[in-house]
>>> print(open('final16.csv').read())   # CSV, C-alpha atoms
chain,number,residue,atom,x,y,z
S,1,MET,CA,0.0,0.0,0.0
S,2,LYS,CA,1.4,3.4,-1.0
S,3,ARG,CA,1.3,5.8,1.9
S,4,ILE,CA,-0.3,9.2,1.2
S,5,TYR,CA,1.3,11.9,3.4
S,6,PHE,CA,-1.2,14.8,3.9
S,7,ASP,CA,0.4,16.0,7.2
S,8,ASN,CA,2.9,18.5,5.9
S,9,ALA,CA,1.8,21.1,8.4
S,10,ALA,CA,3.3,18.9,11.1
S,11,THR,CA,6.6,18.4,9.2
S,12,THR,CA,8.0,17.9,5.8
S,13,PRO,CA,10.6,15.4,4.5
S,14,VAL,CA,14.1,16.8,4.0
S,15,ASP,CA,14.6,17.4,0.2
S,16,ARG,CA,17.4,15.3,-1.2
S,17,ARG,CA,19.1,18.5,-2.5
S,18,VAL,CA,19.0,19.9,1.0
S,19,LEU,CA,20.6,16.7,2.4
S,20,ASP,CA,23.3,16.8,-0.2
S,21,ALA,CA,24.1,20.4,0.7
S,22,MET,CA,24.3,19.5,4.4
S,23,LEU,CA,26.5,16.3,4.2
S,24,PRO,CA,30.0,17.9,3.8
S,25,TYR,CA,29.6,19.9,7.0
S,26,PHE,CA,29.3,16.8,9.2
S,27,ILE,CA,32.8,15.5,8.4
S,28,GLU,CA,34.8,17.2,5.7
S,29,SER,CA,34.1,20.8,6.7
S,30,PHE,CA,33.4,20.2,10.4
S,31,GLY,CA,35.1,23.3,12.0
S,32,ASN,CA,33.7,25.8,14.3
S,33,ALA,CA,32.4,28.9,12.4
S,34,SER,CA,33.8,31.1,15.2
S,35,SER,CA,37.3,29.8,14.6
S,36,ILE,CA,37.9,32.3,11.8
S,37,LEU,CA,41.7,32.4,12.3
S,38,ILE,CA,42.3,28.8,11.3
S,39,GLU,CA,41.6,27.1,8.0
S,40,GLU,CA,39.0,24.6,9.5
S,41,GLY,CA,36.8,27.5,10.5
S,42,GLY,CA,36.8,29.3,7.2
S,43,GLY,CA,34.6,27.0,5.3
S,44,PRO,CA,31.9,26.8,7.9
S,45,ARG,CA,32.0,30.6,8.4
S,46,GLN,CA,31.5,31.1,4.6
S,47,ALA,CA,28.6,28.5,4.6
S,48,LEU,CA,27.0,30.3,7.5
S,49,ASP,CA,27.1,33.7,5.7
S,50,GLU,CA,25.8,32.1,2.5
S,51,ALA,CA,22.9,30.5,4.3
S,52,ARG,CA,22.0,33.7,6.0
S,53,ALA,CA,21.9,35.4,2.6
S,54,LYS,CA,19.6,32.7,1.2
S,55,VAL,CA,17.1,33.0,4.1
S,56,ALA,CA,17.2,36.8,3.8
S,57,ALA,CA,16.5,36.6,0.1
S,58,LEU,CA,13.5,34.3,0.7
S,59,LEU,CA,12.0,36.9,3.0
S,60,GLY,CA,13.1,40.1,1.3
S,61,ALA,CA,15.2,41.0,4.3
S,62,GLU,CA,18.8,42.2,4.8
S,63,THR,CA,21.4,39.5,5.7
S,64,ASP,CA,22.1,41.1,9.1
S,65,GLU,CA,18.4,40.9,10.0
S,66,ILE,CA,18.5,37.0,10.1
S,67,ILE,CA,19.3,35.3,13.4
S,68,PHE,CA,19.6,31.5,13.4
S,69,THR,CA,18.0,29.4,16.1
S,70,ALA,CA,17.3,25.8,16.7
S,71,SER,CA,13.5,25.9,16.1
S,72,ALA,CA,10.4,28.0,15.6
S,73,THR,CA,9.7,27.6,19.3
S,74,GLU,CA,13.0,29.1,20.2
S,75,SER,CA,12.5,31.9,17.6
S,76,ASN,CA,9.1,32.7,19.1
S,77,ASN,CA,10.5,32.8,22.6
S,78,LEU,CA,13.5,34.9,21.6
S,79,ALA,CA,11.2,37.3,19.8
S,80,VAL,CA,8.6,37.8,22.5
S,81,LYS,CA,10.7,37.5,25.6
S,82,GLY,CA,13.6,39.3,24.0
S,83,MET,CA,11.6,42.3,22.8
S,84,ALA,CA,9.6,42.4,26.1
S,85,LEU,CA,12.7,42.5,28.2
S,86,ALA,CA,14.5,45.0,26.0
S,87,ASN,CA,11.5,47.4,25.7
S,88,ARG,CA,9.8,47.2,29.1
S,89,LYS,CA,10.2,50.9,29.6
S,90,LYS,CA,7.8,51.5,26.7
S,91,GLY,CA,4.9,49.8,28.5
S,92,LYS,CA,3.7,46.7,30.3
S,93,LYS,CA,0.9,45.3,28.1
S,94,ILE,CA,1.4,42.6,25.5
S,95,LEU,CA,-1.3,41.2,23.1
S,96,PHE,CA,-1.5,37.8,21.5
S,97,SER,CA,-4.2,36.4,19.3
S,98,GLU,CA,-6.2,33.6,20.9
S,99,ILE,CA,-5.2,31.1,18.3
S,100,GLU,CA,-1.4,31.3,18.6
S,101,HIS,CA,0.9,28.3,18.7
S,102,TYR,CA,1.6,27.0,22.2
S,103,SER,CA,5.2,28.4,22.0
S,104,ILE,CA,3.5,31.8,22.1
S,105,MET,CA,0.5,31.1,24.3
S,106,HIS,CA,2.5,29.4,27.0
S,107,GLN,CA,4.7,32.4,27.5
S,108,ALA,CA,1.8,34.4,29.0
S,109,ASP,CA,2.2,33.1,32.6
S,110,PHE,CA,6.0,33.6,32.5
S,111,LEU,CA,5.6,37.2,31.3
S,112,ARG,CA,3.0,37.9,33.9
S,113,GLY,CA,5.4,36.7,36.5
S,114,LEU,CA,7.8,39.4,35.3
S,115,GLY,CA,5.2,42.1,35.8
S,116,PHE,CA,3.8,42.3,32.3
S,117,GLU,CA,0.1,42.3,31.5
S,118,VAL,CA,-0.9,39.8,28.8
S,119,ASP,CA,-4.2,39.8,27.0
S,120,PHE,CA,-5.7,37.9,24.0
S,121,VAL,CA,-7.3,39.3,20.9
S,122,GLY,CA,-10.4,37.4,19.6
S,123,VAL,CA,-10.9,36.0,16.1
S,124,ASP,CA,-14.0,35.6,14.0
S,125,GLU,CA,-15.6,32.4,12.8
S,126,TYR,CA,-12.9,32.0,10.1
S,127,GLY,CA,-10.1,32.5,12.5
S,128,VAL,CA,-9.3,36.1,11.3
S,129,VAL,CA,-8.2,38.5,14.0
S,130,ARG,CA,-10.9,41.0,14.9
S,131,MET,CA,-9.4,44.3,14.2
S,132,GLU,CA,-12.0,46.1,16.4
S,133,ASP,CA,-11.0,43.9,19.4
S,134,LEU,CA,-7.3,44.6,18.7
S,135,LYS,CA,-8.0,48.4,18.6
S,136,GLN,CA,-10.0,48.2,21.8
S,137,LYS,CA,-7.4,46.2,23.7
S,138,ALA,CA,-4.4,48.1,22.5
S,139,THR,CA,-4.1,50.7,25.3
S,140,PRO,CA,-1.4,53.4,25.5
S,141,ASP,CA,0.5,50.9,27.7
S,142,THR,CA,0.6,48.3,24.9
S,143,PHE,CA,4.1,47.9,23.4
S,144,LEU,CA,4.1,44.5,21.8
S,145,VAL,CA,1.7,42.4,19.7
S,146,SER,CA,2.2,38.9,18.3
S,147,VAL,CA,-0.1,37.4,15.7
S,148,MET,CA,0.8,34.4,13.6
S,149,HIS,CA,0.9,34.8,9.8
S,150,ALA,CA,-1.2,31.6,9.3
S,151,ASN,CA,-2.7,28.9,11.5
S,152,MET,CA,-1.6,25.4,10.6
S,153,GLU,CA,-4.8,23.8,12.1
S,154,ILE,CA,-7.4,25.8,10.1
S,155,GLY,CA,-5.2,27.3,7.4
S,156,THR,CA,-6.4,30.9,7.8
S,157,VAL,CA,-3.9,33.5,6.6
S,158,GLN,CA,-4.0,36.7,8.7
S,159,PRO,CA,-4.1,40.3,7.3
S,160,ILE,CA,-0.6,40.9,8.7
S,161,ALA,CA,0.1,44.1,6.7
S,162,GLU,CA,-3.1,45.7,8.1
S,163,ILE,CA,-2.2,44.7,11.7
S,164,ALA,CA,1.4,45.9,11.2
S,165,ARG,CA,0.2,49.3,10.0
S,166,PHE,CA,-2.1,49.7,13.0
S,167,CYS,CA,0.8,48.8,15.3
S,168,LYS,CA,3.2,51.1,13.6
S,169,GLU,CA,0.8,54.1,13.9
S,170,ARG,CA,0.8,53.6,17.7
S,171,GLY,CA,4.4,52.8,18.2
S,172,ILE,CA,3.7,49.2,19.0
S,173,LEU,CA,6.3,46.5,18.1
S,174,PHE,CA,4.8,43.7,16.0
S,175,HIS,CA,6.0,40.0,15.8
S,176,SER,CA,4.5,37.4,13.6
S,177,ASP,CA,5.0,33.6,13.7
S,178,GLY,CA,5.6,32.8,10.1
S,179,ALA,CA,6.3,29.1,10.6
S,180,ALA,CA,3.4,28.1,8.5
S,181,THR,CA,4.0,30.6,5.7
S,182,CYS,CA,7.7,31.2,5.2
S,183,GLY,CA,8.8,28.9,2.4
S,184,ASN,CA,5.3,27.9,1.6
S,185,MET,CA,3.8,31.1,0.1
S,186,PRO,CA,5.3,34.4,-0.9
S,187,VAL,CA,6.5,36.4,2.2
S,188,ASP,CA,8.1,39.8,2.1
S,189,VAL,CA,8.8,41.2,5.5
S,190,LYS,CA,9.3,44.7,4.3
S,191,GLN,CA,5.9,44.7,2.5
S,192,LEU,CA,4.2,43.2,5.5
S,193,GLY,CA,5.8,45.7,7.8
S,194,VAL,CA,6.6,43.3,10.7
S,195,ASP,CA,9.3,44.0,13.2
S,196,ALA,CA,10.1,40.4,13.7
S,197,MET,CA,9.1,37.1,12.1
S,198,THR,CA,9.7,33.4,12.9
S,199,ILE,CA,10.9,30.9,10.4
S,200,SER,CA,10.9,27.1,10.7
S,201,GLY,CA,13.1,25.0,8.4
S,202,HIS,CA,11.3,21.7,8.7
S,203,GLN,CA,8.0,23.2,7.5
S,204,PHE,CA,9.4,23.6,4.0
S,205,TYR,CA,11.8,20.6,3.3
S,206,GLY,CA,14.7,21.7,5.5
S,207,PRO,CA,16.0,19.8,8.5
S,208,LYS,CA,14.5,19.8,12.0
S,209,GLY,CA,16.5,21.7,14.5
S,210,ALA,CA,16.9,24.7,12.2
S,211,GLY,CA,15.0,27.9,12.7
S,212,ALA,CA,15.5,31.6,12.3
S,213,LEU,CA,14.2,34.9,13.4
S,214,TYR,CA,13.9,38.0,11.2
S,215,LEU,CA,14.6,41.1,13.3
S,216,ARG,CA,14.2,44.5,11.7
S,217,ARG,CA,17.3,46.6,12.0
S,218,GLY,CA,17.2,48.8,15.0
S,219,VAL,CA,14.6,46.8,17.0
S,220,PRO,CA,15.9,46.3,20.6
S,221,LEU,CA,16.2,42.7,21.6
S,222,ARG,CA,17.6,41.1,24.7
S,223,PRO,CA,19.1,37.6,24.3
S,224,VAL,CA,17.4,34.8,26.3
S,225,LEU,CA,20.4,32.5,26.2
S,226,ASN,CA,23.5,33.7,28.0
S,227,GLY,CA,26.8,32.7,26.6
S,228,GLY,CA,29.0,33.7,23.7
S,229,PHE,CA,28.6,36.3,21.0
S,230,GLN,CA,27.3,34.1,18.1
S,231,GLU,CA,24.5,35.4,15.9
S,232,MET,CA,25.5,39.1,16.4
S,233,GLY,CA,25.2,38.6,20.1
S,234,PHE,CA,21.5,37.7,20.0
S,235,ARG,CA,21.7,33.9,20.2
S,236,ALA,CA,24.6,32.3,22.1
S,237,GLY,CA,25.9,28.8,21.2
S,238,THR,CA,28.0,27.2,18.6
S,239,GLU,CA,26.1,27.3,15.3
S,240,ASN,CA,24.7,24.1,13.9
S,241,ILE,CA,26.3,24.5,10.5
S,242,PRO,CA,24.8,21.4,8.8
S,243,ALA,CA,21.3,22.4,9.9
S,244,ILE,CA,21.8,26.0,9.0
S,245,VAL,CA,23.2,25.1,5.5
S,246,GLY,CA,20.1,22.9,5.1
S,247,LEU,CA,17.8,25.8,6.0
S,248,GLY,CA,19.6,28.0,3.6
S,249,GLU,CA,19.3,25.5,0.7
S,250,ALA,CA,15.6,24.9,1.5
S,251,SER,CA,15.1,28.7,1.4
S,252,ARG,CA,16.8,29.0,-2.0
S,253,MET,CA,14.7,26.2,-3.4
S,254,ALA,CA,11.5,27.7,-2.0
S,255,LYS,CA,12.3,31.0,-3.5
S,256,ASP,CA,13.1,29.5,-6.9
S,257,GLU,CA,10.1,27.2,-7.0
S,258,MET,CA,7.5,29.3,-5.1
S,259,ARG,CA,5.2,30.1,-8.0
S,260,GLU,CA,5.0,26.5,-9.3
S,261,ARG,CA,4.5,25.1,-5.8
S,262,VAL,CA,1.7,27.5,-4.8
S,263,GLU,CA,-0.2,27.0,-8.1
S,264,ARG,CA,-0.1,23.2,-7.9
S,265,LEU,CA,-1.1,23.1,-4.2
S,266,THR,CA,-3.8,25.6,-4.6
S,267,GLY,CA,-5.4,23.5,-7.4
S,268,LEU,CA,-5.0,20.3,-5.5
S,269,GLY,CA,-6.5,21.8,-2.4
S,270,LYS,CA,-9.5,23.1,-4.3
S,271,ARG,CA,-10.1,19.7,-5.8
S,272,LEU,CA,-9.8,18.0,-2.4
S,273,MET,CA,-12.1,20.4,-0.7
S,274,GLY,CA,-14.7,20.2,-3.4
S,275,GLY,CA,-14.6,16.4,-3.5
S,276,ILE,CA,-15.1,16.1,0.3
S,277,GLY,CA,-17.9,18.6,0.2
S,278,GLU,CA,-19.7,16.6,-2.5
S,279,SER,CA,-19.3,13.2,-0.8
S,280,VAL,CA,-19.7,13.8,3.0
S,281,ASP,CA,-22.8,15.2,4.7
S,282,TYR,CA,-23.0,17.0,8.1
S,283,LEU,CA,-19.6,18.5,7.1
S,284,HIS,CA,-18.2,21.9,8.2
S,285,PHE,CA,-15.1,23.3,6.7
S,286,THR,CA,-12.9,25.4,9.1
S,287,GLY,CA,-10.8,28.5,8.4
S,288,HIS,CA,-11.2,31.2,5.8
S,289,PRO,CA,-12.6,29.9,2.4
S,290,THR,CA,-10.1,31.8,0.3
S,291,GLN,CA,-7.4,33.4,2.5
S,292,ARG,CA,-5.7,30.2,3.5
S,293,LEU,CA,-2.5,28.2,3.1
S,294,PRO,CA,-2.1,26.5,-0.3
S,295,GLY,CA,-3.1,22.9,-0.3
S,296,HIS,CA,-4.6,23.1,3.2
S,297,VAL,CA,-8.1,21.6,3.8
S,298,SER,CA,-9.6,21.4,7.3
S,299,PHE,CA,-13.0,20.4,8.5
S,300,TRP,CA,-15.1,18.8,11.2
S,301,ILE,CA,-17.8,16.2,10.8
S,302,GLU,CA,-20.8,15.8,12.9
S,303,PHE,CA,-21.3,12.3,14.6
S,304,VAL,CA,-17.7,11.3,13.9
S,305,GLU,CA,-14.9,11.4,16.5
S,306,GLY,CA,-11.8,12.9,15.1
S,307,GLU,CA,-9.3,10.5,16.7
S,308,SER,CA,-11.2,7.5,15.3
S,309,LEU,CA,-11.3,9.1,11.9
S,310,LEU,CA,-7.5,9.9,12.1
S,311,LEU,CA,-6.7,6.3,13.1
S,312,TRP,CA,-8.9,4.8,10.3
S,313,LEU,CA,-7.3,7.0,7.7
S,314,ASN,CA,-3.9,5.9,9.0
S,315,LEU,CA,-4.9,2.3,8.7
S,316,ASN,CA,-5.9,3.0,5.1
S,317,GLY,CA,-2.5,4.5,4.3
S,318,ILE,CA,-3.4,8.2,4.7
S,319,ALA,CA,-1.5,10.4,7.1
S,320,SER,CA,-3.4,13.5,8.4
S,321,SER,CA,-3.8,15.3,11.6
S,322,SER,CA,-6.6,15.9,14.1
S,323,GLY,CA,-7.5,19.2,15.7
S,324,SER,CA,-7.5,17.4,19.0
S,325,ALA,CA,-4.8,15.1,20.2
S,326,CYS,CA,-5.5,12.4,22.7
S,327,ALA,CA,-4.4,13.9,26.0
S,328,SER,CA,-6.0,12.1,28.9
S,329,ASN,CA,-3.4,13.6,31.3
S,330,VAL,CA,-4.2,17.2,30.5
S,331,LEU,CA,-6.2,19.0,33.1
S,332,ALA,CA,-8.3,20.8,30.5
S,333,ALA,CA,-9.5,17.5,29.0
S,334,ASP,CA,-13.2,16.8,29.0
S,335,GLU,CA,-15.0,13.6,30.2
S,336,THR,CA,-14.0,11.8,27.0
S,337,GLY,CA,-10.3,12.2,27.9
S,338,LEU,CA,-9.6,14.4,24.9
S,339,LYS,CA,-8.5,18.0,25.1
S,340,ALA,CA,-10.6,20.4,22.9
S,341,SER,CA,-8.5,22.4,20.5
S,342,HIS,CA,-8.1,26.0,21.6
S,343,VAL,CA,-8.1,27.1,18.0
S,344,LEU,CA,-11.5,25.5,17.2
S,345,THR,CA,-13.1,26.7,20.4
S,346,ALA,CA,-11.9,30.2,19.5
S,347,VAL,CA,-13.7,30.1,16.2
S,348,GLY,CA,-16.9,29.0,17.8
S,349,VAL,CA,-16.9,25.2,17.3
S,350,PRO,CA,-18.6,23.6,20.4
S,351,PRO,CA,-16.0,21.9,22.6
S,352,GLU,CA,-17.9,18.6,22.4
S,353,ILE,CA,-17.5,18.7,18.6
S,354,CYS,CA,-13.9,19.9,18.5
S,355,HIS,CA,-12.7,16.3,18.6
S,356,GLY,CA,-14.1,15.7,15.1
S,357,SER,CA,-11.6,18.0,13.3
S,358,ILE,CA,-9.3,16.8,10.6
S,359,THR,CA,-6.6,18.6,8.7
S,360,PHE,CA,-5.2,17.6,5.3
S,361,SER,CA,-2.1,19.6,4.5
S,362,LEU,CA,-0.6,18.7,1.1
S,363,GLY,CA,3.1,19.2,0.1
S,364,LYS,CA,5.1,19.8,-3.0
S,365,ASP,CA,5.2,16.0,-3.7
S,366,SER,CA,1.5,15.5,-3.4
S,367,SER,CA,-0.3,14.4,-6.6
S,368,ARG,CA,-3.7,14.4,-8.2
S,369,GLU,CA,-3.7,10.7,-7.8
S,370,ASP,CA,-3.2,11.1,-4.0
S,371,VAL,CA,-6.1,13.4,-3.8
S,372,GLU,CA,-8.4,11.1,-5.7
S,373,GLN,CA,-7.4,8.2,-3.5
S,374,VAL,CA,-8.3,10.1,-0.4
S,375,LEU,CA,-11.6,11.0,-1.9
S,376,SER,CA,-12.3,7.4,-2.7
S,377,ILE,CA,-11.5,6.2,0.9
S,378,LEU,CA,-12.8,9.0,3.2
S,379,PRO,CA,-16.6,8.6,2.7
S,380,GLY,CA,-16.6,4.9,3.5
S,381,ILE,CA,-14.7,5.5,6.7
S,382,VAL,CA,-17.1,8.2,7.8
S,383,GLU,CA,-20.1,6.0,7.2
S,384,ARG,CA,-18.5,3.1,9.1
S,385,LEU,CA,-17.8,5.4,12.1
S,386,ARG,CA,-21.3,6.9,12.0
S,387,GLU,CA,-22.9,3.5,12.2
S,388,MET,CA,-21.5,3.5,15.8
S,389,SER,CA,-23.2,6.8,16.7
S,390,PRO,CA,-26.8,6.7,18.2
S,391,LEU,CA,-27.0,10.5,17.6
S,392,TYR,CA,-26.5,9.9,13.9
S,393,GLU,CA,-29.4,7.5,13.8
S,394,GLN,CA,-31.6,10.1,15.5
S,395,ALA,CA,-30.5,12.7,13.0
S,396,LYS,CA,-31.5,10.4,10.1
S,397,LYS,CA,-34.9,9.9,11.6
S,398,GLY,CA,-35.4,13.7,11.9
S,399,GLY,CA,-34.5,13.9,15.6
S,400,LYS,CA,-31.6,16.1,15.2
>>> encode(input="final16.csv", output="structure tokens")
Amino acid sequence: MKRIYFDNAATTPVDRRVLDAMLPYFIESFGNASSILIEEGGGPRQALDEARAKVAALLGAETDEIIFTASATESNNLAVKGMALANRKKGKKILFSEIEHYSIMHQADFLRGLGFEVDFVGVDEYGVVRMEDLKQKATPDTFLVSVMHANMEIGTVQPIAEIARFCKERGILFHSDGAATCGNMPVDVKQLGVDAMTISGHQFYGPKGAGALYLRRGVPLRPVLNGGFQEMGFRAGTENIPAIVGLGEASRMAKDEMRERVERLTGLGKRLMGGIGESVDYLHFTGHPTQRLPGHVSFWIEFVEGESLLLWLNLNGIASSSGSACASNVLAADETGLKASHVLTAVGVPPEICHGSITFSLGKDSSREDVEQVLSILPGIVERLREMSPLYEQAKKGGK
């Protein structure tokens, strides 16, 4: 059975060209990039500089505005904590959207412990930030806002340029988590107007353990790791040259292939969404219908539990993701033992239904045949699971 991988929002495979670019820096050119006075450090230093230029080119940034990190989580922490600590004289209030990744959300309690006030901006039924709520909550004491560029669970792309203009008019620093978008759709940090943006290598065919943070020139930032003076003094620690080279090569490929990838994935996504809509009833798509990630399809189905659907898809050779992971040890879990997705509850999906969410995220190697195979398998699985639901029987009899 051929496996169909529709979980690219979770991670992507390393492209062979990326791997080939990385390999020499494990053994042949293994030196420390900080050892610039000896021959062994020269090659890695040059590779580091070249990778920084490639990432900058992907984002429309300057080379000295790219800071390498080990992950998007680290980049998010460096951006928010670093800007908060360096700019605390400007105010005490920080705003996040209520559908941020946990690497943003879980900073709230830490920041409150340092004396900051953290509040959350609401979203509409499509997951788009409510500008009126942002304007209302952005007090004169607000100095930092963080809103993700796109949400991997529901696919919605935020109006980042509009949010950035609002923040700039009020002297508020603005960070955006671009893990879902950078390398997967056109991103120009200058046009968007962000002060900082997070990049994740493994989201677009680079290696895990490779991330970056775009930081606009002149924006004050305090390091969160204490050590040496690597990465212009913003991120201590010996640079992981193989991973950084991989991120750089993945960035070069993404820039060169962007138009073709986006066009293909947009077409495949439309076909998948349309086919599911035609073959499955009691279906609700999530996220914005048009302003969404290319090749991203997300939905929830009444009378079907998402974890069961995820498992049955997996048994039939289809990898996808659910909006709710089985987390019986989480305090917020309900009586079923599953934790409702904070993203889905934010867009108005009832908590008892949030467990039925599925996300298909296609990648550059996805094919029309893969899409048609999923469309041929999904309806049968849904019907099989619904046969176990007494609520579905009531609905068919008109008792819904």
>>> closest_residue(input="final16.csv", among="S:Lys137, S:Arg384, S:Arg130, S:Arg271", to="Ile163 of chain S", atoms="all atoms listed in the file")
S:Arg130
>>> atom_distance(input="final16.csv", atom1="atom CA of Pro13 of chain S", atom2="atom CA of Gly363 of chain S")
9.5 Å
>>> atom_distance(input="final16.csv", atom1="atom CA of Met105 of chain S", atom2="atom CA of Ala180 of chain S")
16.3 Å
>>> residues_around(input="final16.csv", residues="Leu378 of chain S", least_positions_apart="5", cutoff="9 Å", atoms="all atoms listed in the file", output="compact mmCIF listing (two decimals) with C-alpha atoms, keeping the file's coordinate frame")
# COMPACT_ATOMS: atom_id res chain seq x y z
CA ILE S 276 -15.10 16.10 0.30
CA SER S 279 -19.30 13.20 -0.80
CA VAL S 280 -19.70 13.80 3.00
CA LEU S 309 -11.30 9.10 11.90
CA LEU S 313 -7.30 7.00 7.70
CA GLN S 373 -7.40 8.20 -3.50
CA GLU S 383 -20.10 6.00 7.20
>>> closest_residue(input="final16.csv", among="S:Arg222, S:Val121, S:Ala161, S:Glu239", to="Gly209 of chain S", atoms="all atoms listed in the file")
S:Glu239
>>> atom_distance(input="final16.csv", atom1="atom CA of Asp177 of chain S", atom2="atom CA of Asn76 of chain S")
6.8 Å
>>> closest_residue(input="final16.csv", among="S:Ala210, S:Leu134, S:Val187, S:Val374", to="Met273 of chain S", atoms="only C-alpha atoms")
S:Val374
>>> residues_around(input="final16.csv", residues="Val245 of chain S", least_positions_apart="6", cutoff="12 Å", atoms="only C-alpha atoms", output="NGL selection string")
:S and (17-26 or 29 or 43-55 or 68 or 201 or 206-207 or 209-211 or 239 or 251-252)
>>> closest_residue(input="final16.csv", among="S:Ala243, S:Phe174, S:Leu293, S:Gly183", to="Ala150 of chain S", atoms="all atoms listed in the file")
S:Leu293
>>> closest_residue(input="final16.csv", among="S:Leu192, S:Leu362, S:Val145, S:Leu37", to="Leu268 of chain S", atoms="only C-alpha atoms")
S:Leu362
>>> residues_near_point(input="final16.csv", point="(28.3, 26.9, 18.6)", cutoff="12 Å", atoms="all atoms listed in the file", output="MDAnalysis selection string")
chainID S and resid 30:35 41 44:45 48 68:70 227:231 235:242 244
>>> closest_residue(input="final16.csv", among="S:Leu144, S:Met185, S:Ile36, S:Ala254", to="Arg170 of chain S", atoms="all atoms listed in the file")
S:Leu144
>>> residues_around(input="final16.csv", residues="Pro220 of chain S", least_positions_apart="2", cutoff="9 Å", atoms="all atoms listed in the file", output="ChimeraX atom specification")
/S:82-83,86-87,217-218,222
>>> write_last_selection(input="final16.csv", atoms="C-alpha atoms", output="compact mmCIF listing (two decimals), keeping the file's coordinate frame")
# COMPACT_ATOMS: atom_id res chain seq x y z
CA GLY S 82 13.60 39.30 24.00
CA MET S 83 11.60 42.30 22.80
CA ALA S 86 14.50 45.00 26.00
CA ASN S 87 11.50 47.40 25.70
CA ARG S 217 17.30 46.60 12.00
CA GLY S 218 17.20 48.80 15.00
CA ARG S 222 17.60 41.10 24.70
>>> residues_around(input="final16.csv", residues="Val347 of chain S", least_positions_apart="3", cutoff="6 Å", atoms="only C-alpha atoms", output="PyMOL selection string")
chain S and resi 124-125+127+344
>>> residues_around(input="final16.csv", residues="Ser321 of chain S", least_positions_apart="3", cutoff="9 Å", atoms="all atoms listed in the file", output="CSV table (one decimal) with C-alpha atoms, keeping the file's coordinate frame")
chain,number,residue,atom,x,y,z
S,6,PHE,CA,-1.2,14.8,3.9
S,7,ASP,CA,0.4,16.0,7.2
S,9,ALA,CA,1.8,21.1,8.4
S,10,ALA,CA,3.3,18.9,11.1
S,153,GLU,CA,-4.8,23.8,12.1
S,307,GLU,CA,-9.3,10.5,16.7
S,310,LEU,CA,-7.5,9.9,12.1
S,324,SER,CA,-7.5,17.4,19.0
S,325,ALA,CA,-4.8,15.1,20.2
S,357,SER,CA,-11.6,18.0,13.3
S,358,ILE,CA,-9.3,16.8,10.6
S,359,THR,CA,-6.6,18.6,8.7
S,360,PHE,CA,-5.2,17.6,5.3
S,361,SER,CA,-2.1,19.6,4.5
>>> residues_near_point(input="final16.csv", point="(3.8, 34.9, 12.9)", cutoff="9 Å", atoms="all atoms listed in the file", output="count of residues only")
20
